[in-house]
>>> print(open('entry29.pdb').read())   # PDB, C-alpha atoms, pLDDT in the B column
ATOM      1  CA  MET Y   9     180.284 105.036 138.614  1.00 90.00           C
ATOM      2  CA  THR Y  10     180.985 106.286 135.097  1.00 93.00           C
ATOM      3  CA  GLU Y  11     184.709 106.243 135.895  1.00 94.00           C
ATOM      4  CA  THR Y  12     184.391 102.553 136.810  1.00 96.00           C
ATOM      5  CA  LEU Y  13     182.681 101.853 133.479  1.00 97.00           C
ATOM      6  CA  LEU Y  14     185.357 103.842 131.637  1.00 96.00           C
ATOM      7  CA  ASN Y  15     188.081 101.790 133.299  1.00 96.00           C
ATOM      8  CA  ILE Y  16     186.329  98.597 132.196  1.00 97.00           C
ATOM      9  CA  LEU Y  17     186.282  99.963 128.663  1.00 97.00           C
ATOM     10  CA  ARG Y  18     189.981 100.789 128.856  1.00 97.00           C
ATOM     11  CA  GLU Y  19     190.672  97.104 129.561  1.00 96.00           C
ATOM     12  CA  ARG Y  20     189.490  96.352 126.015  1.00 95.00           C
ATOM     13  CA  TYR Y  21     189.814  99.541 123.982  1.00 96.00           C
ATOM     14  CA  ALA Y  22     192.116 102.513 123.585  1.00 97.00           C
ATOM     15  CA  LEU Y  23     190.161 105.703 124.287  1.00 97.00           C
ATOM     16  CA  ALA Y  24     191.038 108.971 122.577  1.00 97.00           C
ATOM     17  CA  LYS Y  25     189.348 112.038 124.050  1.00 97.00           C
ATOM     18  CA  LEU Y  26     187.541 114.296 121.574  1.00 97.00           C
ATOM     19  CA  ASP Y  27     187.115 118.064 121.689  1.00 95.00           C
ATOM     20  CA  THR Y  28     183.577 118.888 122.826  1.00 95.00           C
ATOM     21  CA  GLY Y  29     184.089 122.659 122.443  1.00 94.00           C
ATOM     22  CA  ASP Y  30     181.321 124.810 123.882  1.00 93.00           C
ATOM     23  CA  MET Y  31     179.405 121.661 124.829  1.00 93.00           C
ATOM     24  CA  ALA Y  32     181.936 120.712 127.514  1.00 95.00           C
ATOM     25  CA  THR Y  33     179.948 122.504 130.230  1.00 94.00           C
ATOM     26  CA  LEU Y  34     176.222 123.168 130.029  1.00 93.00           C
ATOM     27  CA  LYS Y  35     173.506 124.492 132.317  1.00 89.00           C
ATOM     28  CA  ALA Y  36     169.929 123.271 132.063  1.00 84.00           C
ATOM     29  CA  ASN Y  37     166.981 122.990 134.437  1.00 80.00           C
ATOM     30  CA  GLY Y  38     169.017 124.038 137.480  1.00 82.00           C
ATOM     31  CA  MET Y  39     171.731 121.465 136.758  1.00 87.00           C
ATOM     32  CA  THR Y  40     175.332 121.889 135.621  1.00 93.00           C
ATOM     33  CA  PHE Y  41     176.467 119.274 133.089  1.00 94.00           C
ATOM     34  CA  THR Y  42     180.014 118.310 132.177  1.00 96.00           C
ATOM     35  CA  VAL Y  43     180.282 116.458 128.881  1.00 97.00           C
ATOM     36  CA  ASP Y  44     183.163 114.375 127.503  1.00 97.00           C
ATOM     37  CA  ALA Y  45     183.373 112.380 124.286  1.00 98.00           C
ATOM     38  CA  TYR Y  46     185.831 109.738 123.114  1.00 98.00           C
ATOM     39  CA  HIS Y  47     186.708 107.591 120.157  1.00 97.00           C
ATOM     40  CA  ALA Y  48     187.075 103.999 121.322  1.00 97.00           C
ATOM     41  CA  GLU Y  49     189.362 102.271 118.824  1.00 96.00           C
ATOM     42  CA  GLY Y  50     187.687  99.094 117.592  1.00 95.00           C
ATOM     43  CA  LEU Y  51     184.349  99.979 119.189  1.00 96.00           C
ATOM     44  CA  GLY Y  52     182.989 103.376 118.169  1.00 97.00           C
ATOM     45  CA  HIS Y  53     181.787 106.630 119.727  1.00 98.00           C
ATOM     46  CA  LEU Y  54     181.580 107.093 123.492  1.00 98.00           C
ATOM     47  CA  SER Y  55     180.244 109.948 125.591  1.00 98.00           C
ATOM     48  CA  VAL Y  56     180.021 110.634 129.311  1.00 98.00           C
ATOM     49  CA  MET Y  57     177.826 113.304 130.875  1.00 96.00           C
ATOM     50  CA  CYS Y  58     177.726 114.096 134.591  1.00 95.00           C
ATOM     51  CA  ALA Y  59     175.392 116.577 136.245  1.00 94.00           C
ATOM     52  CA  LYS Y  60     174.924 118.104 139.675  1.00 91.00           C
ATOM     53  CA  GLY Y  61     172.295 120.482 140.936  1.00 84.00           C
ATOM     54  CA  PHE Y  62     169.894 121.618 143.612  1.00 74.00           C
ATOM     55  CA  PHE Y  63     172.672 122.263 146.137  1.00 68.00           C
ATOM     56  CA  GLY Y  64     174.169 118.834 145.607  1.00 69.00           C
ATOM     57  CA  LEU Y  65     170.938 116.995 146.373  1.00 78.00           C
ATOM     58  CA  MET Y  66     170.734 115.566 142.860  1.00 86.00           C
ATOM     59  CA  LYS Y  67     173.377 113.870 140.727  1.00 94.00           C
ATOM     60  CA  MET Y  68     173.010 112.336 137.297  1.00 94.00           C
ATOM     61  CA  ASP Y  69     175.508 110.261 135.325  1.00 96.00           C
ATOM     62  CA  THR Y  70     175.165 109.162 131.712  1.00 97.00           C
ATOM     63  CA  LEU Y  71     177.364 106.972 129.525  1.00 98.00           C
ATOM     64  CA  ILE Y  72     176.505 106.266 125.893  1.00 98.00           C
ATOM     65  CA  ILE Y  73     178.178 103.876 123.477  1.00 98.00           C
ATOM     66  CA  HIS Y  74     177.407 104.089 119.768  1.00 98.00           C
ATOM     67  CA  PRO Y  75     179.233 101.066 118.320  1.00 97.00           C
ATOM     68  CA  THR Y  76     180.343 101.561 114.730  1.00 96.00           C
ATOM     69  CA  ALA Y  77     183.206  99.046 114.505  1.00 95.00           C
ATOM     70  CA  VAL Y  78     181.305  96.087 115.986  1.00 95.00           C
ATOM     71  CA  ASP Y  79     177.683  95.087 115.533  1.00 95.00           C
ATOM     72  CA  LEU Y  80     176.515  95.656 119.106  1.00 97.00           C
ATOM     73  CA  PRO Y  81     173.328  97.532 120.090  1.00 97.00           C
ATOM     74  CA  LEU Y  82     173.496 101.181 121.054  1.00 98.00           C
ATOM     75  CA  TYR Y  83     174.059 101.359 124.831  1.00 98.00           C
ATOM     76  CA  SER Y  84     172.793 104.048 127.209  1.00 97.00           C
ATOM     77  CA  TYR Y  85     173.506 104.079 130.971  1.00 98.00           C
ATOM     78  CA  ASP Y  86     171.772 106.568 133.270  1.00 96.00           C
ATOM     79  CA  ARG Y  87     172.139 106.789 137.028  1.00 97.00           C
ATOM     80  CA  ILE Y  88     170.208 109.277 139.136  1.00 94.00           C
ATOM     81  CA  TYR Y  89     170.848 109.937 142.806  1.00 93.00           C
ATOM     82  CA  ALA Y  90     168.185 112.170 144.368  1.00 90.00           C
ATOM     83  CA  MET Y  91     166.325 112.516 147.659  1.00 84.00           C
ATOM     84  CA  GLY Y  92     167.763 109.288 149.075  1.00 88.00           C
ATOM     85  CA  ASN Y  93     166.798 107.298 145.986  1.00 93.00           C
ATOM     86  CA  ASP Y  94     169.058 105.451 143.556  1.00 95.00           C
ATOM     87  CA  THR Y  95     167.761 104.959 140.018  1.00 96.00           C
ATOM     88  CA  LEU Y  96     169.537 102.789 137.448  1.00 97.00           C
ATOM     89  CA  ILE Y  97     168.403 102.860 133.825  1.00 97.00           C
ATOM     90  CA  VAL Y  98     170.311 100.943 131.169  1.00 98.00           C
ATOM     91  CA  GLU Y  99     168.719 100.902 127.744  1.00 97.00           C
ATOM     92  CA  LEU Y 100     169.961  99.031 124.689  1.00 98.00           C
ATOM     93  CA  TYR Y 101     168.558  99.981 121.311  1.00 98.00           C
ATOM     94  CA  ASP Y 102     168.364  97.849 118.196  1.00 97.00           C
ATOM     95  CA  THR Y 103     170.955  99.299 115.851  1.00 96.00           C
ATOM     96  CA  LEU Y 104     172.018  95.815 114.778  1.00 95.00           C
ATOM     97  CA  LEU Y 105     172.772  94.915 111.175  1.00 93.00           C
ATOM     98  CA  GLY Y 106     172.746  91.177 111.910  1.00 91.00           C
ATOM     99  CA  LYS Y 107     172.305  88.817 114.845  1.00 90.00           C
ATOM    100  CA  CYS Y 108     173.991  89.372 118.206  1.00 91.00           C
ATOM    101  CA  GLU Y 109     173.834  86.911 121.093  1.00 93.00           C
ATOM    102  CA  LEU Y 110     172.685  88.823 124.197  1.00 96.00           C
ATOM    103  CA  ASP Y 111     171.466  85.979 126.426  1.00 95.00           C
ATOM    104  CA  ARG Y 112     174.193  86.638 128.991  1.00 96.00           C
ATOM    105  CA  LEU Y 113     172.662  90.049 129.727  1.00 97.00           C
ATOM    106  CA  ASN Y 114     169.341  88.407 130.600  1.00 96.00           C
ATOM    107  CA  GLU Y 115     171.210  85.991 132.869  1.00 97.00           C
ATOM    108  CA  VAL Y 116     172.667  88.982 134.698  1.00 97.00           C
ATOM    109  CA  LYS Y 117     169.204  90.539 135.011  1.00 96.00           C
ATOM    110  CA  ALA Y 118     167.849  87.321 136.488  1.00 96.00           C
ATOM    111  CA  ALA Y 119     170.524  87.364 139.199  1.00 97.00           C
ATOM    112  CA  TYR Y 120     169.348  90.748 140.495  1.00 97.00           C
ATOM    113  CA  THR Y 121     165.584  90.322 140.701  1.00 95.00           C
ATOM    114  CA  ASP Y 122     165.831  91.275 144.385  1.00 94.00           C
ATOM    115  CA  LEU Y 123     166.306  94.901 143.345  1.00 96.00           C
ATOM    116  CA  PRO Y 124     163.026  96.806 142.907  1.00 96.00           C
ATOM    117  CA  GLU Y 125     161.807  97.385 139.384  1.00 96.00           C
ATOM    118  CA  ARG Y 126     161.062 100.864 138.049  1.00 96.00           C
ATOM    119  CA  ASP Y 127     158.167 101.455 135.682  1.00 94.00           C
ATOM    120  CA  PRO Y 128     159.796 103.057 132.618  1.00 91.00           C
ATOM    121  CA  GLY Y 129     156.463 104.229 131.210  1.00 91.00           C
ATOM    122  CA  GLU Y 130     155.568 104.211 127.543  1.00 92.00           C
ATOM    123  CA  HIS Y 131     157.634 106.044 124.922  1.00 92.00           C
ATOM    124  CA  TRP Y 132     157.786 106.355 121.162  1.00 93.00           C
ATOM    125  CA  TYR Y 133     161.090 104.433 121.080  1.00 94.00           C
ATOM    126  CA  ASP Y 134     159.827 101.312 122.894  1.00 95.00           C
ATOM    127  CA  SER Y 135     159.847  99.303 119.658  1.00 95.00           C
ATOM    128  CA  LEU Y 136     163.604  99.949 119.344  1.00 96.00           C
ATOM    129  CA  LYS Y 137     164.449  99.091 122.967  1.00 97.00           C
ATOM    130  CA  LEU Y 138     165.720  95.567 123.595  1.00 97.00           C
ATOM    131  CA  ASP Y 139     164.429  93.386 126.430  1.00 95.00           C
ATOM    132  CA  VAL Y 140     167.911  93.104 127.950  1.00 97.00           C
ATOM    133  CA  SER Y 141     167.509  96.697 129.168  1.00 98.00           C
ATOM    134  CA  LEU Y 142     167.309  97.543 132.888  1.00 97.00           C
ATOM    135  CA  SER Y 143     165.063  99.853 134.884  1.00 97.00           C
ATOM    136  CA  LYS Y 144     165.539  99.807 138.672  1.00 97.00           C
ATOM    137  CA  LYS Y 145     164.799 102.215 141.515  1.00 97.00           C
ATOM    138  CA  GLY Y 146     165.728 101.721 145.140  1.00 96.00           C
ATOM    139  CA  LYS Y 147     167.176 103.442 148.177  1.00 93.00           C
ATOM    140  CA  LYS Y 148     170.651 104.846 148.766  1.00 88.00           C
ATOM    141  CA  GLN Y 149     171.426 101.893 151.034  1.00 91.00           C
ATOM    142  CA  GLN Y 150     171.182  99.606 147.969  1.00 93.00           C
ATOM    143  CA  GLN Y 151     173.814 101.531 145.995  1.00 93.00           C
ATOM    144  CA  ALA Y 152     176.495  98.836 146.243  1.00 95.00           C
ATOM    145  CA  ARG Y 153     174.099  96.225 144.869  1.00 96.00           C
ATOM    146  CA  PHE Y 154     173.046  98.589 142.070  1.00 97.00           C
ATOM    147  CA  ASP Y 155     176.731  99.126 141.259  1.00 97.00           C
ATOM    148  CA  GLU Y 156     177.284  95.357 141.055  1.00 97.00           C
ATOM    149  CA  LEU Y 157     174.389  94.994 138.631  1.00 98.00           C
ATOM    150  CA  ALA Y 158     175.571  97.881 136.454  1.00 98.00           C
ATOM    151  CA  VAL Y 159     179.110  96.459 136.213  1.00 98.00           C
ATOM    152  CA  ALA Y 160     178.020  92.865 135.552  1.00 98.00           C
ATOM    153  CA  HIS Y 161     175.526  93.965 132.893  1.00 98.00           C
ATOM    154  CA  PHE Y 162     178.099  96.265 131.270  1.00 98.00           C
ATOM    155  CA  ARG Y 163     180.737  93.532 131.126  1.00 98.00           C
ATOM    156  CA  ALA Y 164     178.191  91.153 129.596  1.00 98.00           C
ATOM    157  CA  TYR Y 165     177.362  93.763 126.956  1.00 98.00           C
ATOM    158  CA  LEU Y 166     181.007  94.282 126.004  1.00 97.00           C
ATOM    159  CA  ALA Y 167     181.657  90.533 125.946  1.00 96.00           C
ATOM    160  CA  ALA Y 168     178.674  89.699 123.731  1.00 95.00           C
ATOM    161  CA  PRO Y 169     179.833  87.937 120.552  1.00 91.00           C
ATOM    162  CA  ALA Y 170     179.426  90.446 117.745  1.00 88.00           C
ATOM    163  CA  GLN Y 171     180.507  90.703 114.156  1.00 87.00           C
ATOM    164  CA  THR Y 172     183.473  93.037 113.706  1.00 81.00           C
ATOM    165  CA  ALA Y 173     183.504  93.514 109.943  1.00 63.00           C
ATOM    166  CA  VAL Y 174     180.499  95.828 109.793  1.00 74.00           C
ATOM    167  CA  SER Y 175     179.752  98.996 107.854  1.00 88.00           C
ATOM    168  CA  ALA Y 176     180.311 102.003 110.113  1.00 91.00           C
ATOM    169  CA  GLU Y 177     178.071 104.098 107.877  1.00 93.00           C
ATOM    170  CA  GLU Y 178     175.224 101.595 108.129  1.00 94.00           C
ATOM    171  CA  LYS Y 179     175.611 101.539 111.907  1.00 95.00           C
ATOM    172  CA  ARG Y 180     175.422 105.340 111.989  1.00 96.00           C
ATOM    173  CA  ARG Y 181     172.254 105.293 109.911  1.00 96.00           C
ATOM    174  CA  LYS Y 182     170.629 102.824 112.282  1.00 95.00           C
ATOM    175  CA  ALA Y 183     171.604 104.879 115.348  1.00 97.00           C
ATOM    176  CA  ALA Y 184     170.426 108.071 113.639  1.00 97.00           C
ATOM    177  CA  VAL Y 185     166.896 106.659 113.503  1.00 96.00           C
ATOM    178  CA  TYR Y 186     166.847 106.725 117.297  1.00 96.00           C
ATOM    179  CA  VAL Y 187     168.671 110.054 117.674  1.00 96.00           C
ATOM    180  CA  GLU Y 188     166.572 111.889 115.110  1.00 96.00           C
ATOM    181  CA  GLY Y 189     163.491 110.387 116.716  1.00 95.00           C
ATOM    182  CA  LEU Y 190     164.551 111.847 120.054  1.00 94.00           C
ATOM    183  CA  LEU Y 191     165.008 115.268 118.486  1.00 94.00           C
ATOM    184  CA  GLN Y 192     161.660 115.088 116.732  1.00 94.00           C
ATOM    185  CA  ASN Y 193     159.493 113.292 119.280  1.00 92.00           C
ATOM    186  CA  GLY Y 194     161.269 114.224 122.482  1.00 80.00           C
ATOM    187  CA  GLY Y 195     162.310 112.298 125.565  1.00 78.00           C
ATOM    188  CA  PRO Y 196     162.968 113.033 129.256  1.00 76.00           C
ATOM    189  CA  SER Y 197     166.430 114.583 128.776  1.00 82.00           C
ATOM    190  CA  THR Y 198     165.806 115.819 125.237  1.00 88.00           C
ATOM    191  CA  ASP Y 199     162.965 118.056 126.368  1.00 84.00           C
ATOM    192  CA  VAL Y 200     165.062 119.534 129.201  1.00 85.00           C
ATOM    193  CA  PHE Y 201     167.880 120.475 126.831  1.00 90.00           C
ATOM    194  CA  LYS Y 202     165.539 121.847 124.178  1.00 90.00           C
ATOM    195  CA  LYS Y 203     163.956 124.159 126.728  1.00 87.00           C
ATOM    196  CA  SER Y 204     167.299 125.475 128.009  1.00 87.00           C
ATOM    197  CA  LEU Y 205     169.563 125.310 124.933  1.00 89.00           C
ATOM    198  CA  GLY Y 206     167.118 125.590 122.067  1.00 91.00           C
ATOM    199  CA  GLU Y 207     166.523 123.090 119.279  1.00 91.00           C
ATOM    200  CA  GLU Y 208     169.654 123.880 117.239  1.00 94.00           C
ATOM    201  CA  SER Y 209     172.132 123.481 120.099  1.00 93.00           C
ATOM    202  CA  THR Y 210     170.341 120.393 121.387  1.00 94.00           C
ATOM    203  CA  ALA Y 211     170.584 118.812 117.933  1.00 95.00           C
ATOM    204  CA  LYS Y 212     174.310 119.580 117.840  1.00 95.00           C
ATOM    205  CA  LEU Y 213     174.800 118.122 121.315  1.00 96.00           C
ATOM    206  CA  PHE Y 214     172.984 114.914 120.466  1.00 96.00           C
ATOM    207  CA  ARG Y 215     174.302 114.334 116.937  1.00 97.00           C
ATOM    208  CA  GLU Y 216     177.912 115.413 117.345  1.00 96.00           C
ATOM    209  CA  VAL Y 217     178.781 114.903 121.010  1.00 97.00           C
ATOM    210  CA  LEU Y 218     176.532 112.426 122.790  1.00 97.00           C
ATOM    211  CA  PHE Y 219     175.840 109.945 119.993  1.00 97.00           C
ATOM    212  CA  GLY Y 220     178.303 110.792 117.232  1.00 96.00           C
ATOM    213  CA  THR Y 221     175.897 110.092 114.403  1.00 96.00           C
ATOM    214  CA  CYS Y 222     177.265 112.782 112.120  1.00 88.00           C
TER     215      CYS Y 222
END
>>> encode(input="entry29.pdb", output="structure tokens")
Amino acid sequence: MTETLLNILRERYALAKLDTGDMATLKANGMTFTVDAYHAEGLGHLSVMCAKGFFGLMKMDTLIIHPTAVDLPLYSYDRIYAMGNDTLIVELYDTLLGKCELDRLNEVKAAYTDLPERDPGEHWYDSLKLDVSLSKKGKKQQQARFDELAVAHFRAYLAAPAQTAVSAEEKRRKAAVYVEGLLQNGGPSTDVFKKSLGEESTAKLFREVLFGTC
């Protein structure tokens, strides 16, 4: 699915692949992760992380957009396939410097209320998360419908009217609030990487590769 999202991005932006060095392949919690990062001209920093483990019974895909050239929210897509279940988590975080019209994303959400909701739980970053975010969990048989939702929501995000003449440095500072909060307070994936890679390598992965805040 991440390749589909990348192709949608390529319709709008030129992507230049970045060198992820020793972060290109990682092992953590019984999973093998492959990590790619890109500069999207006119958009900002982009990363894609795919993981497989437990004899192929579990797959995880992540795509993160940290917009620095347009005033869009930070975007995080996670998809987890495990034990016959399909989980879709799309979270948008308030890194906005001004106003951004996101009503179309709520319209997309409303068109897919047939898909079962997932309880995201409570986290320290809830105050930063926007209500256009998604949290769904269903069965493998619903994968095509989940894919439709992910694509429609993603297209609505990219098409949202946003100011282009923004300060990249200010955008980085806003995104860093979330990233540094993850490193300090933890999160589902943050804690896994800290345990396997250590705090220093996890900080490098998050700041330099996944989010591009430094």
>>> resolve_selection(input="entry29.pdb", expression="the PyMOL selection byres ((chain Y and resi 161-175) around 9)", output="count of residues only")
37
>>> closest_residue(input="entry29.pdb", among="Y:Tyr89, Y:Tyr21, Y:Phe201, Y:Phe214", to="His47 in chain Y", atoms="all atoms listed in the file")
Y:Tyr21
>>> resolve_selection(input="entry29.pdb", expression="the PyMOL selection byres ((chain Y and resi 24) around 12)", output="list in words")
Leu14, Leu17, Arg18, Tyr21, Ala22, Leu23, Lys25, Leu26, Asp27, Asp44, Ala45, Tyr46, His47, Ala48, Glu49, Gly50, Leu51, Gly52, His53, Leu54 and Ser55 of chain Y
>>> residues_around(input="entry29.pdb", residues="Lys147 in chain Y", least_positions_apart="3", cutoff="6 Å", atoms="all atoms listed in the file", output="list in words")
Gly92, Asn93, Asp94 and Gln150 of chain Y
>>> atom_distance(input="entry29.pdb", atom1="CA of Phe62 in chain Y", atom2="CA of Met39 in chain Y")
7.1 Å
>>> closest_residue(input="entry29.pdb", among="Y:Lys137, Y:Lys60, Y:Lys203, Y:His74", to="Arg215 in chain Y", atoms="only C-alpha atoms")
Y:His74
>>> closest_residue(input="entry29.pdb", among="Y:Thr198, Y:Thr221, Y:Ser135, Y:Asn193", to="Ala36 in chain Y", atoms="all atoms listed in the file")
Y:Thr198
